[in-house]
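Enquirer: Next up, entry_10.cif (mmCIF, C-alpha atoms and all ligand atoms).
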data_target
#
loop_
_atom_site.label_atom_id
_atom_site.label_comp_id
_atom_site.auth_asym_id
_atom_site.auth_seq_id
_atom_site.Cartn_x
_atom_site.Cartn_y
_atom_site.Cartn_z
CA MET A 20 -9.29 27.48 55.59
CA ARG A 21 -6.00 27.34 57.45
CA GLY A 22 -5.17 24.92 60.14
CA PHE A 23 -6.11 21.30 59.56
CA PRO A 24 -4.17 20.07 56.48
CA LEU A 25 -4.46 16.40 57.48
CA ALA A 26 -8.25 16.65 57.90
CA ARG A 27 -8.55 18.33 54.48
CA VAL A 28 -6.50 15.63 52.79
CA LEU A 29 -8.72 12.99 54.38
CA VAL A 30 -11.91 14.77 53.22
CA VAL A 31 -10.60 15.05 49.63
CA ALA A 32 -9.47 11.40 49.61
CA GLY A 33 -12.89 10.32 50.92
CA ALA A 34 -14.66 12.33 48.22
CA LEU A 35 -12.47 10.75 45.52
CA VAL A 36 -13.28 7.25 46.76
CA LEU A 37 -17.01 8.05 46.81
CA LEU A 38 -16.82 9.42 43.25
CA GLY A 39 -14.74 6.47 42.10
CA VAL A 40 -17.24 3.81 43.13
CA PRO A 41 -20.05 4.83 40.73
CA VAL A 42 -17.51 5.52 37.95
CA TRP A 43 -16.10 2.02 38.39
CA PHE A 44 -19.60 0.55 38.23
CA MET A 45 -20.43 2.55 35.11
CA THR A 46 -17.30 1.64 33.17
CA ARG A 47 -16.47 -1.91 34.24
CA GLY A 48 -18.91 -3.39 31.70
CA ASP A 49 -16.86 -2.08 28.77
CA GLY A 50 -14.27 -4.80 28.92
CA VAL A 51 -16.95 -7.43 28.44
CA VAL A 52 -18.46 -5.92 25.29
CA ALA A 53 -15.58 -6.53 22.92
CA PRO A 54 -15.31 -10.34 23.08
CA VAL A 55 -19.06 -10.77 22.59
CA ALA A 56 -18.99 -8.55 19.52
CA ALA A 57 -15.85 -10.25 18.22
CA VAL A 58 -17.68 -13.55 18.27
CA ALA A 59 -20.61 -11.92 16.48
CA LYS A 60 -18.29 -10.87 13.64
CA THR A 61 -17.40 -14.47 12.77
CA GLU A 62 -21.08 -15.41 12.79
CA GLY A 63 -22.70 -17.25 9.92
CA ALA A 64 -22.93 -20.96 9.44
CA LEU A 65 -19.75 -22.79 8.53
CA VAL A 66 -19.84 -24.89 5.39
CA ASP A 67 -17.29 -27.32 3.99
CA TYR A 68 -14.96 -26.13 1.25
CA THR A 69 -13.02 -28.84 -0.57
CA VAL A 70 -9.65 -27.79 -1.98
CA ARG A 71 -8.33 -30.23 -4.60
CA LEU A 72 -4.78 -29.97 -5.94
CA THR A 73 -3.53 -31.72 -9.08
CA ALA A 74 0.21 -31.50 -9.80
CA SER A 75 1.91 -31.80 -13.19
CA ALA A 76 4.66 -33.95 -11.65
CA PRO A 77 5.25 -35.69 -8.31
CA ALA A 78 5.44 -33.05 -5.56
CA ARG A 79 4.84 -32.32 -1.92
CA LEU A 80 1.58 -30.37 -1.71
CA SER A 81 0.02 -28.29 1.04
CA VAL A 82 -2.94 -26.00 1.61
CA MET A 83 -3.16 -23.29 4.25
CA VAL A 84 -6.15 -21.32 5.44
CA ALA A 85 -6.00 -18.60 8.11
CA GLY A 86 -6.81 -19.84 11.57
CA LYS A 87 -6.76 -23.55 10.65
CA GLU A 88 -4.15 -26.31 10.76
CA PRO A 89 -2.40 -26.58 7.37
CA ALA A 90 -3.07 -29.75 5.39
CA GLU A 91 0.03 -31.41 3.91
CA SER A 92 0.60 -34.37 1.63
CA GLY A 93 3.58 -36.72 1.80
CA ASP A 94 6.41 -36.52 -0.75
CA GLY A 95 5.93 -37.33 -4.41
CA VAL A 96 2.16 -37.15 -4.85
CA ARG A 97 0.22 -35.90 -7.86
CA GLU A 98 -3.13 -35.36 -6.17
CA PHE A 99 -4.16 -34.08 -2.79
CA GLN A 100 -7.33 -32.77 -1.26
CA ALA A 101 -8.37 -31.17 2.01
CA VAL A 102 -11.65 -29.97 3.49
CA PHE A 103 -11.97 -26.74 5.50
CA PRO A 104 -15.12 -25.57 7.25
CA MET A 105 -15.41 -21.83 6.55
CA SER A 106 -17.96 -19.04 6.57
CA GLU A 107 -20.39 -19.16 3.68
CA SER A 108 -20.37 -15.40 3.14
CA ALA A 109 -16.69 -14.66 3.79
CA PRO A 110 -14.45 -17.69 3.25
CA GLU A 111 -10.75 -17.28 4.00
CA ASP A 112 -8.06 -17.02 1.32
CA VAL A 113 -6.58 -20.37 0.30
CA ALA A 114 -2.77 -20.47 0.20
CA VAL A 115 -1.32 -23.27 -1.90
CA PHE A 116 2.24 -24.57 -1.81
CA ALA A 117 3.73 -27.22 -4.11
CA ASP A 118 7.33 -28.36 -3.77
CA PHE A 119 8.59 -29.77 -7.07
CA SER A 120 12.25 -29.69 -6.04
CA GLN A 121 12.79 -33.22 -7.46
CA GLU A 122 11.75 -31.97 -10.90
CA GLY A 123 13.50 -29.74 -13.41
CA GLY A 124 11.81 -27.15 -15.58
CA LYS A 125 8.33 -25.65 -15.41
CA CYS A 126 5.74 -27.26 -13.21
CA ALA A 127 2.10 -26.51 -12.54
CA VAL A 128 -0.51 -27.18 -9.94
CA ARG A 129 -4.22 -26.96 -10.58
CA VAL A 130 -6.33 -25.69 -7.69
CA GLU A 131 -10.04 -26.43 -7.58
CA VAL A 132 -12.21 -25.21 -4.72
CA GLU A 133 -15.66 -26.70 -4.33
CA ARG A 134 -18.57 -25.92 -2.04
CA GLY A 135 -21.72 -28.01 -2.01
CA GLY A 136 -20.73 -29.72 -5.27
CA ARG A 137 -20.21 -26.39 -7.07
CA VAL A 138 -16.75 -25.36 -8.29
CA LEU A 139 -16.06 -21.84 -6.96
CA LYS A 140 -12.55 -21.54 -8.29
CA ASP A 141 -10.45 -23.38 -10.84
CA ALA A 142 -6.98 -21.92 -11.24
CA THR A 143 -3.62 -23.19 -12.46
CA LEU A 144 -0.41 -21.91 -10.89
CA TRP A 145 2.94 -22.19 -12.67
CA GLY A 146 6.52 -22.03 -11.53
CA GLU A 147 9.84 -23.78 -11.18
CA GLY A 148 11.00 -25.69 -8.10
CA VAL A 149 8.38 -24.22 -5.77
CA VAL A 150 4.94 -23.10 -6.89
CA ASP A 151 3.01 -21.08 -4.34
CA ASP A 152 0.28 -18.50 -4.43
CA VAL A 153 -3.04 -17.54 -2.92
CA VAL A 154 -6.48 -18.26 -4.30
CA VAL A 155 -9.05 -15.68 -3.24
CA LEU A 156 -12.55 -17.08 -3.15
CA ASN A 157 -14.98 -14.24 -3.38
CA ASP A 158 -13.27 -11.37 -5.06
CA PRO A 159 -13.57 -8.31 -2.88
CA MET B 10 60.63 -0.57 -37.24
CA MET B 11 59.09 2.92 -37.22
CA ARG B 12 61.25 5.95 -37.22
CA SER B 13 60.78 8.51 -34.46
CA GLY B 14 58.84 10.82 -36.81
CA GLN B 15 56.41 8.02 -37.56
CA VAL B 16 56.02 7.23 -33.85
CA GLY B 17 55.24 10.88 -33.25
CA ALA B 18 52.60 10.86 -35.97
CA VAL B 19 50.98 7.73 -34.57
CA LYS B 20 50.91 9.31 -31.09
CA HIS B 21 49.37 12.38 -32.62
CA ILE B 22 46.66 10.35 -34.32
CA PHE B 23 45.91 8.60 -31.02
CA SER B 24 45.59 11.85 -29.15
CA ILE B 25 43.24 13.23 -31.80
CA ALA B 26 41.17 10.05 -31.57
CA ALA B 27 41.10 10.36 -27.77
CA ALA B 28 39.96 13.96 -28.03
CA LEU B 29 37.24 12.93 -30.48
CA ALA B 30 36.10 10.18 -28.14
CA LEU B 31 35.91 12.69 -25.29
CA ALA B 32 33.96 15.07 -27.46
CA ALA B 33 31.63 12.27 -28.54
CA GLY B 34 30.90 11.36 -24.90
CA PRO B 35 28.66 14.32 -24.23
CA LEU B 36 26.95 13.56 -27.55
CA ARG B 37 24.82 11.36 -25.41
CA ALA B 38 22.04 13.85 -24.82
CA GLU B 39 21.52 15.72 -21.59
CA PRO B 40 19.43 13.67 -19.16
CA VAL B 41 15.69 14.14 -19.46
CA ARG B 42 14.67 16.39 -16.58
CA VAL B 43 11.69 15.02 -14.67
CA ALA B 44 9.96 16.87 -11.85
CA SER B 45 7.78 14.83 -9.52
CA LEU B 46 4.96 15.71 -7.15
CA SER B 47 4.69 12.05 -6.16
CA THR B 48 7.37 10.19 -4.19
CA VAL B 49 6.12 6.90 -5.63
CA MET B 50 6.25 8.10 -9.23
CA ALA B 51 9.72 9.54 -8.60
CA ASP B 52 10.89 6.10 -7.49
CA PHE B 53 9.50 4.47 -10.65
CA ALA B 54 11.00 7.25 -12.79
CA ARG B 55 14.48 6.61 -11.34
CA ASP B 56 14.08 2.86 -11.92
CA ILE B 57 12.84 3.17 -15.48
CA GLY B 58 14.93 6.15 -16.52
CA GLY B 59 18.27 5.02 -15.12
CA ASP B 60 21.08 7.36 -16.20
CA ARG B 61 18.99 8.86 -18.96
CA VAL B 62 16.76 10.88 -16.65
CA GLU B 63 17.31 13.24 -13.78
CA VAL B 64 14.48 13.24 -11.25
CA VAL B 65 13.79 16.33 -9.14
CA GLU B 66 11.45 15.64 -6.23
CA ILE B 67 9.27 18.67 -5.66
CA VAL B 68 7.36 16.84 -2.92
CA GLU B 69 9.87 14.91 -0.85
CA PRO B 70 9.38 11.85 1.36
CA GLY B 71 8.18 12.73 4.85
CA VAL B 72 6.44 15.93 3.75
CA ASP B 73 2.64 15.96 4.17
CA PRO B 74 1.56 16.13 0.53
CA HIS B 75 -1.99 17.20 1.46
CA ALA B 76 -0.64 20.32 3.12
CA PHE B 77 2.11 20.97 0.55
CA GLU B 78 2.08 24.29 -1.31
CA PRO B 79 4.67 24.80 -4.06
CA SER B 80 7.06 27.73 -3.67
CA PRO B 81 8.11 30.04 -6.54
CA GLY B 82 11.33 27.99 -6.65
CA ASP B 83 9.27 24.82 -7.13
CA TYR B 84 7.44 26.46 -10.03
CA ARG B 85 10.80 27.34 -11.61
CA ALA B 86 12.04 23.76 -11.16
CA VAL B 87 8.90 22.39 -12.81
CA ALA B 88 9.16 24.90 -15.67
CA GLY B 89 12.71 23.70 -16.29
CA ALA B 90 11.63 20.06 -16.56
CA ARG B 91 10.62 18.13 -19.63
CA ILE B 92 8.11 15.97 -17.77
CA LEU B 93 6.05 16.58 -14.62
CA LEU B 94 4.74 13.56 -12.69
CA ALA B 95 1.59 14.04 -10.61
CA ASN B 96 -0.96 11.88 -8.78
CA GLY B 97 -4.03 13.84 -9.85
CA MET B 98 -7.56 13.00 -8.62
CA GLY B 99 -7.41 16.08 -6.41
CA PHE B 100 -4.28 15.04 -4.49
CA GLU B 101 -2.42 18.16 -5.60
CA GLY B 102 -4.92 20.96 -5.13
CA TYR B 103 -2.57 23.31 -7.01
CA LEU B 104 -2.11 21.06 -10.07
CA ASP B 105 -4.36 22.98 -12.48
CA LYS B 106 -2.67 26.24 -11.55
CA MET B 107 0.76 24.66 -11.98
CA ARG B 108 -0.22 23.13 -15.31
CA GLN B 109 -1.27 26.55 -16.60
CA ALA B 110 1.82 28.22 -15.25
CA VAL B 111 4.20 25.86 -17.04
CA ALA B 112 2.15 25.31 -20.22
CA LYS B 113 4.30 27.76 -22.20
CA ASP B 114 7.45 25.88 -21.17
CA GLY B 115 6.32 22.73 -22.96
CA VAL B 116 6.26 20.55 -19.85
CA GLU B 117 4.55 17.21 -20.46
CA VAL B 118 2.28 16.46 -17.46
CA VAL B 119 1.89 12.77 -16.65
CA VAL B 120 -1.03 12.21 -14.28
CA ALA B 121 -1.45 8.80 -12.60
CA GLY B 122 -5.18 9.42 -12.25
CA ASP B 123 -5.48 9.14 -16.05
CA VAL B 124 -4.53 5.45 -16.11
CA VAL B 125 -5.39 3.91 -12.73
CA GLU B 126 -8.62 2.17 -11.84
CA PRO B 127 -10.07 4.72 -9.46
CA ILE B 128 -12.26 4.10 -6.45
CA GLU B 129 -14.59 6.59 -4.83
CA ALA B 130 -13.49 8.35 -1.69
CA GLU B 131 -15.30 7.04 1.38
CA GLN B 132 -17.59 9.46 3.14
CA ALA B 133 -15.67 8.70 6.28
CA CYS B 134 -15.01 12.14 7.65
CA ASP B 135 -18.43 13.47 8.39
CA ALA B 136 -21.46 11.69 7.14
CA HIS B 137 -23.59 14.16 9.07
CA GLY B 138 -23.02 17.16 6.91
CA HIS B 139 -21.37 19.87 8.95
CA ASP B 140 -17.72 20.74 9.46
CA HIS B 141 -16.47 19.60 6.16
CA SER B 142 -14.51 20.58 3.24
CA HIS B 143 -12.37 18.83 0.66
CA HIS B 144 -14.24 15.84 -0.54
CA HIS B 145 -17.79 15.49 -1.62
CA HIS B 146 -19.79 12.64 -2.89
CA GLY B 147 -18.41 11.32 -6.14
CA SER B 148 -14.84 12.43 -5.54
CA LEU B 149 -12.08 9.91 -6.16
CA ASP B 150 -9.56 8.50 -3.73
CA PRO B 151 -6.16 9.77 -4.92
CA HIS B 152 -4.02 7.27 -2.93
CA TRP B 153 -3.81 4.95 -5.99
CA TRP B 154 -0.40 3.40 -5.22
CA HIS B 155 -1.71 1.22 -2.39
CA SER B 156 -2.94 -1.10 -5.16
CA ILE B 157 0.01 -2.80 -6.86
CA GLY B 158 -2.16 -3.29 -9.95
CA ASN B 159 -2.36 0.50 -10.24
CA ALA B 160 1.37 0.81 -9.61
CA ARG B 161 2.04 -1.42 -12.62
CA LEU B 162 -0.23 0.72 -14.80
CA VAL B 163 1.52 3.92 -13.72
CA ALA B 164 4.98 2.42 -14.27
CA ALA B 165 3.94 1.62 -17.85
CA GLN B 166 2.60 5.15 -18.25
CA ILE B 167 5.94 6.62 -17.13
CA ARG B 168 7.84 4.29 -19.48
CA ASP B 169 5.71 5.50 -22.41
CA ALA B 170 6.23 9.14 -21.49
CA PHE B 171 10.01 8.62 -21.38
CA VAL B 172 10.04 6.84 -24.75
CA GLU B 173 8.10 9.72 -26.26
CA ALA B 174 10.37 12.36 -24.79
CA ASP B 175 13.59 10.49 -25.59
CA PRO B 176 13.06 7.92 -28.38
CA ALA B 177 16.78 7.10 -28.46
CA GLY B 178 16.41 5.52 -25.02
CA LYS B 179 13.46 3.31 -25.97
CA ALA B 180 15.24 -0.05 -25.55
CA GLU B 181 16.70 0.99 -22.20
CA TYR B 182 13.39 2.33 -20.85
CA GLU B 183 11.54 -0.77 -21.98
CA ALA B 184 14.09 -3.16 -20.48
CA ASN B 185 14.11 -1.28 -17.15
CA ALA B 186 10.32 -1.10 -17.07
CA ALA B 187 10.02 -4.83 -17.78
CA LYS B 188 12.35 -5.58 -14.86
CA LEU B 189 10.35 -3.29 -12.58
CA ASP B 190 7.08 -4.88 -13.68
CA GLY B 191 8.45 -8.34 -12.88
CA ARG B 192 9.42 -7.15 -9.40
CA LEU B 193 5.98 -5.59 -8.87
CA ALA B 194 4.29 -8.87 -9.88
CA GLY B 195 6.49 -10.67 -7.35
CA LEU B 196 5.62 -8.07 -4.72
CA ALA B 197 1.89 -8.54 -5.38
CA LYS B 198 2.22 -12.27 -4.81
CA TRP B 199 4.21 -11.71 -1.63
CA VAL B 200 1.46 -9.38 -0.35
CA ARG B 201 -1.26 -11.95 -1.17
CA LYS B 202 0.63 -14.59 0.78
CA GLN B 203 1.12 -12.34 3.80
CA VAL B 204 -2.49 -11.17 3.87
CA ALA B 205 -3.77 -14.75 3.49
CA GLN B 206 -2.56 -15.34 7.06
CA LEU B 207 -5.22 -12.95 8.36
CA PRO B 208 -8.74 -14.27 8.87
CA LYS B 209 -11.37 -12.13 7.11
CA ALA B 210 -12.84 -11.08 10.45
CA SER B 211 -9.51 -9.48 11.42
CA ARG B 212 -9.19 -7.38 8.27
CA VAL B 213 -10.10 -4.01 9.73
CA LEU B 214 -7.74 -1.06 9.30
CA VAL B 215 -8.19 1.75 11.79
CA THR B 216 -5.92 4.51 10.56
CA SER B 217 -5.27 8.16 11.02
CA HIS B 218 -6.64 9.30 7.64
CA ASP B 219 -8.48 7.44 4.92
CA ALA B 220 -5.57 6.56 2.63
CA LEU B 221 -5.66 2.77 2.35
CA GLY B 222 -8.88 2.32 0.39
CA TYR B 223 -7.12 0.74 -2.61
CA PHE B 224 -5.24 -1.73 -0.44
CA ALA B 225 -8.49 -2.49 1.38
CA LYS B 226 -10.34 -3.12 -1.86
CA ASP B 227 -7.64 -5.44 -3.21
CA HIS B 228 -7.44 -7.52 -0.05
CA GLY B 229 -10.89 -7.41 1.52
CA PHE B 230 -10.21 -5.01 4.39
CA GLU B 231 -12.59 -2.54 5.95
CA VAL B 232 -11.09 0.92 6.60
CA MET B 233 -12.11 3.01 9.57
CA ALA B 234 -10.30 6.34 9.46
CA VAL B 235 -10.20 9.08 12.07
CA GLN B 236 -9.86 11.76 9.39
CA GLY B 237 -11.27 11.78 5.89
CA ILE B 238 -9.38 11.38 2.63
CA SER B 239 -7.12 14.34 3.44
CA THR B 240 -4.97 14.90 6.51
CA GLU B 241 -6.39 18.43 6.49
CA GLU B 242 -9.79 17.22 7.64
CA GLN B 243 -10.32 17.16 11.38
CA PRO B 244 -12.82 14.74 12.88
CA SER B 245 -15.79 16.00 14.87
CA SER B 246 -16.13 14.71 18.43
CA ARG B 247 -19.27 12.91 17.32
CA ARG B 248 -17.29 11.06 14.64
CA VAL B 249 -14.67 10.11 17.23
CA GLN B 250 -17.34 8.71 19.56
CA GLU B 251 -18.85 6.71 16.69
CA LEU B 252 -15.48 5.33 15.78
CA ILE B 253 -14.78 4.28 19.36
CA GLY B 254 -18.10 2.42 19.37
CA GLU B 255 -17.35 0.66 16.07
CA ILE B 256 -13.83 -0.32 17.13
CA ARG B 257 -15.12 -1.85 20.36
CA GLY B 258 -18.01 -3.50 18.56
CA LYS B 259 -15.75 -5.21 16.07
CA GLY B 260 -13.14 -6.22 18.60
CA VAL B 261 -10.46 -4.50 16.50
CA LYS B 262 -7.02 -5.55 17.74
CA ALA B 263 -4.83 -2.68 16.60
CA ILE B 264 -4.89 0.94 15.49
CA PHE B 265 -2.30 2.28 13.08
CA ALA B 266 -0.47 5.59 13.14
CA GLU B 267 1.11 7.27 10.11
CA ASN B 268 4.66 8.35 9.45
CA ILE B 269 3.81 11.96 8.67
CA GLU B 270 1.17 13.38 10.94
CA ASN B 271 -1.37 12.01 13.35
CA PRO B 272 -4.41 13.67 14.83
CA LYS B 273 -4.23 13.97 18.61
CA VAL B 274 -7.39 11.94 19.02
CA LEU B 275 -5.67 8.84 17.63
CA SER B 276 -3.94 8.08 20.93
CA GLU B 277 -7.15 8.94 22.78
CA ILE B 278 -9.05 6.41 20.68
CA THR B 279 -6.36 3.80 21.24
CA ALA B 280 -6.55 4.35 24.99
CA GLU B 281 -10.35 4.32 25.11
CA THR B 282 -10.85 1.20 23.03
CA GLY B 283 -8.11 -0.94 24.52
CA ALA B 284 -6.81 -1.72 21.03
CA LYS B 285 -3.03 -1.74 20.87
CA PRO B 286 -0.95 0.66 18.77
CA GLY B 287 -0.34 -1.38 15.61
CA GLY B 288 2.70 0.52 14.35
CA VAL B 289 3.35 3.15 11.73
CA LEU B 290 2.03 3.02 8.16
CA TYR B 291 3.30 4.95 5.17
CA ALA B 292 -0.02 6.30 3.93
CA ASP B 293 0.87 9.31 1.81
CA GLY B 294 3.93 8.12 -0.08
CA LEU B 295 7.42 6.88 0.54
CA GLY B 296 9.33 7.22 3.77
CA THR B 297 13.03 6.99 4.44
CA GLY B 298 15.37 4.04 5.02
CA ASN B 299 13.71 0.74 4.14
CA ALA B 300 10.51 2.55 3.20
CA GLY B 301 12.42 4.80 0.79
CA THR B 302 11.39 2.72 -2.23
CA TYR B 303 7.92 1.67 -3.37
CA GLU B 304 8.65 -1.99 -2.74
CA GLY B 305 10.16 -1.25 0.68
CA MET B 306 7.22 0.94 1.62
CA MET B 307 4.67 -1.74 0.63
CA ARG B 308 6.58 -4.47 2.47
CA SER B 309 6.83 -2.30 5.56
CA ASN B 310 3.08 -1.53 5.53
CA VAL B 311 2.06 -5.13 4.96
CA ASN B 312 4.43 -6.45 7.63
CA THR B 313 3.06 -3.88 10.08
CA ILE B 314 -0.58 -4.66 9.26
CA VAL B 315 -0.28 -8.44 9.26
CA GLY B 316 1.97 -8.43 12.32
CA ALA B 317 -0.49 -6.37 14.36
CA LEU B 318 -3.76 -8.01 13.29
CA ARG B 319 -2.68 -11.64 13.18
ZN ZN C 1 -3.48 11.04 2.16
#
Could you render the structure as structure tokens?
Ligand SMILES: [Zn+2]

Expert:
Amino acid sequence: MRGFPLARVLVVAGALVLLGVPVWFMTRGDGVVAPVAAVAKTEGALVDYTVRLTASAPARLSVMVAGKEPAESGDGVREFQAVFPMSESAPEDVAVFADFSQEGGKCAVRVEVERGGRVLKDATLWGEGVVDDVVVLNDP
Amino acid sequence: MMRSGQVGAVKHIFSIAAALALAAGPLRAEPVRVASLSTVMADFARDIGGDRVEVVEIVEPGVDPHAFEPSPGDYRAVAGARILLANGMGFEGYLDKMRQAVAKDGVEVVVAGDVVEPIEAEQACDAHGHDHSHHHHGSLDPHWWHSIGNARLVAAQIRDAFVEADPAGKAEYEANAAKLDGRLAGLAKWVRKQVAQLPKASRVLVTSHDALGYFAKDHGFEVMAVQGISTEEQPSSRRVQELIGEIRGKGVKAIFAENIENPKVLSEITAETGAKPGGVLYADGLGTGNAGTYEGMMRSNVNTIVGALR
């Protein structure tokens, strides 16, 4: 086994390349699997959820839902509504923000969430200056 | 004008009064000695007890509480306490033994498991039967503090125990506990707002051991843990392969490590699935620095989770 170091290196390198080709073919598919499955996880038909806010005094109102553009009213409104298409089985949390900074004292905002004409949630949030919280639709 | 004799007498009276005041100082009773097996309960005890209690942490932050075994010195410290705080639900495997050992010393044992809303431990470690130890079907998940609702219940339990042990401090304990409860309510709202940024499909927590079940239940996460409910459980290679398949299948973005101990396979799983390391979670209690308080620990965990999965 003495004598031809360069030849031996070449033989080993060749063997590695030959081994590598089938390994590459066997494993290259893995990268493709994840995105397909990720799409599968958000499956389920999307349905419209209407979020209706009613403020106790003029305010700037907004609604935020993960992965969607937030919906915002102008200044000094008492009512505001927005529609979000979301999964029927696993709707996102609804974050509500009401800026009453023109008002003094306690203020409230009523949050109603409706799907297909049915009220899923009817909650009233209280606070001073800024009222914000999250409405969870199907309790985990 | 007073004569010098009168001045002397007045001075004398003042010095007697001063001495009396000094003597009256220690009339305020010795602090209530509280021993704690839970870093979270110790934090609440310090908040609620203020100067009236002295908290001795038997299990300290950064120590793996699943592997912890009390020393004879720890037993002595507990025996010398008025109140012992414990998680219960099997978290401290030695609790019954300790309870018996200190029964004659009149130690009041306050167990979080008596007041929290428990959830069942997931059968995460080995659904296939073999290689398995600590938890069996029907056992409870002892990591109660990852639900802030539970934390508020336990804070009230500690307040009540302090009032009973030291009725003179009632007003102080109640005021401190009310402040803490207000902060915990604020913390819960902050967590809701952070988590609301995550779409439901992204709410998957791949962790080292199965400690975040309460957090998951409160906020609609699915937990996939490498180990079971205890850090003492080691995963079988079959379990690891299953997990790798599930992580790929769900397109999970990040895998979380823990501050105390991580199984070697965690980095292997991260490498094999292409998920990124999501950061370090405080799973088994408080940490140090910013995570040295309950509120800091929760904020750190939530920031890590939301930051990595968003
Ligand atoms: Zn644990």

Enquirer: Val138 in chain A: which residues within 12 Å, counting all atoms listed in the file, same-chain residues fewer than 2 positions away excluded, as a list in words?

Expert: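 Within the cut-off, the hits are Tyr68, Thr69, Val70, Arg71, Val130, Glu131, Val132, Glu133, Arg134, Gly135, Gly136, Lys140, Asp141, Ala142 and Leu156 of chain A.
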
Enquirer: Got a sec to pull out which chain B residues are within 7 Å of chain A, counting only C-alpha atoms, and send them as a PDB file with C-alpha atoms, keeping the file's coordinate frame?

Expert:
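Full text of selection.pdb as output:
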ATOM      1  CA  LYS B 198       2.220 -12.270  -4.810  1.00  0.00           C
ATOM      2  CA  ARG B 201      -1.260 -11.950  -1.170  1.00  0.00           C
ATOM      3  CA  LYS B 202       0.630 -14.590   0.780  1.00  0.00           C
ATOM      4  CA  ALA B 205      -3.770 -14.750   3.490  1.00  0.00           C
ATOM      5  CA  GLN B 206      -2.560 -15.340   7.060  1.00  0.00           C
ATOM      6  CA  LEU B 207      -5.220 -12.950   8.360  1.00  0.00           C
ATOM      7  CA  PRO B 208      -8.740 -14.270   8.870  1.00  0.00           C
ATOM      8  CA  LYS B 209     -11.370 -12.130   7.110  1.00  0.00           C
ATOM      9  CA  ALA B 210     -12.840 -11.080  10.450  1.00  0.00           C
ATOM     10  CA  LYS B 226     -10.340  -3.120  -1.860  1.00  0.00           C
ATOM     11  CA  ASP B 227      -7.640  -5.440  -3.210  1.00  0.00           C
ATOM     12  CA  HIS B 228      -7.440  -7.520  -0.050  1.00  0.00           C
ATOM     13  CA  GLY B 229     -10.890  -7.410   1.520  1.00  0.00           C
ATOM     14  CA  ARG B 257     -15.120  -1.850  20.360  1.00  0.00           C
ATOM     15  CA  GLY B 258     -18.010  -3.500  18.560  1.00  0.00           C
ATOM     16  CA  LYS B 259     -15.750  -5.210  16.070  1.00  0.00           C
ATOM     17  CA  GLY B 260     -13.140  -6.220  18.600  1.00  0.00           C
TER      18      GLY B 260
END

Enquirer: Residues at most 10 Å from ligand ZN 1 (chain C), using only C-alpha atoms and all ligand atoms? Could they come as a VMD selection string?

Expert: chain B and resid 73 to 76 100 150 to 152 217 to 221 236 to 241 267 269 291 to 294

Enquirer: Those same residues, written as a PDB file, in the frame of the given file with C-alpha atoms?

Expert:
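Generated output (selection-v2.pdb):
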ATOM      1  CA  ASP B  73       2.640  15.960   4.170  1.00  0.00           C
ATOM      2  CA  PRO B  74       1.560  16.130   0.530  1.00  0.00           C
ATOM      3  CA  HIS B  75      -1.990  17.200   1.460  1.00  0.00           C
ATOM      4  CA  ALA B  76      -0.640  20.320   3.120  1.00  0.00           C
ATOM      5  CA  PHE B 100      -4.280  15.040  -4.490  1.00  0.00           C
ATOM      6  CA  ASP B 150      -9.560   8.500  -3.730  1.00  0.00           C
ATOM      7  CA  PRO B 151      -6.160   9.770  -4.920  1.00  0.00           C
ATOM      8  CA  HIS B 152      -4.020   7.270  -2.930  1.00  0.00           C
ATOM      9  CA  SER B 217      -5.270   8.160  11.020  1.00  0.00           C
ATOM     10  CA  HIS B 218      -6.640   9.300   7.640  1.00  0.00           C
ATOM     11  CA  ASP B 219      -8.480   7.440   4.920  1.00  0.00           C
ATOM     12  CA  ALA B 220      -5.570   6.560   2.630  1.00  0.00           C
ATOM     13  CA  LEU B 221      -5.660   2.770   2.350  1.00  0.00           C
ATOM     14  CA  GLN B 236      -9.860  11.760   9.390  1.00  0.00           C
ATOM     15  CA  GLY B 237     -11.270  11.780   5.890  1.00  0.00           C
ATOM     16  CA  ILE B 238      -9.380  11.380   2.630  1.00  0.00           C
ATOM     17  CA  SER B 239      -7.120  14.340   3.440  1.00  0.00           C
ATOM     18  CA  THR B 240      -4.970  14.900   6.510  1.00  0.00           C
ATOM     19  CA  GLU B 241      -6.390  18.430   6.490  1.00  0.00           C
ATOM     20  CA  GLU B 267       1.110   7.270  10.110  1.00  0.00           C
ATOM     21  CA  ILE B 269       3.810  11.960   8.670  1.00  0.00           C
ATOM     22  CA  TYR B 291       3.300   4.950   5.170  1.00  0.00           C
ATOM     23  CA  ALA B 292      -0.020   6.300   3.930  1.00  0.00           C
ATOM     24  CA  ASP B 293       0.870   9.310   1.810  1.00  0.00           C
ATOM     25  CA  GLY B 294       3.930   8.120  -0.080  1.00  0.00           C
TER      26      GLY B 294
END

Enquirer: Write out as a PyMOL selection string the residues lying within 10 Å of Tyr84 in chain B, counting all atoms listed in the file and excluding same-chain residues fewer than 3 positions away.

Expert: chain B and resi 67+79-81+87-89+107-108+110-111

Enquirer: Can you measure CA of Ala112 in chain B to CA of Ala44 in chain B for me? One decimal in Å is fine.

Expert: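 So the two atoms, CA of Ala112 in chain B and CA of Ala44 in chain B, lie 14.2 Å apart.
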
Enquirer: For the point (-1.1, -29.8, 6.7) in the file's frame, write as a list in words all residues with an atom no more than 12 Å away, counting only C-alpha atoms.

Expert: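 Protein and nucleic acid residues near the point are Arg79, Leu80, Ser81, Val82, Met83, Val84, Lys87, Glu88, Pro89, Ala90, Glu91, Ser92, Gly93, Phe99, Gln100, Ala101, Val102, Phe103, Ala114, Val115 and Phe116 of chain A.
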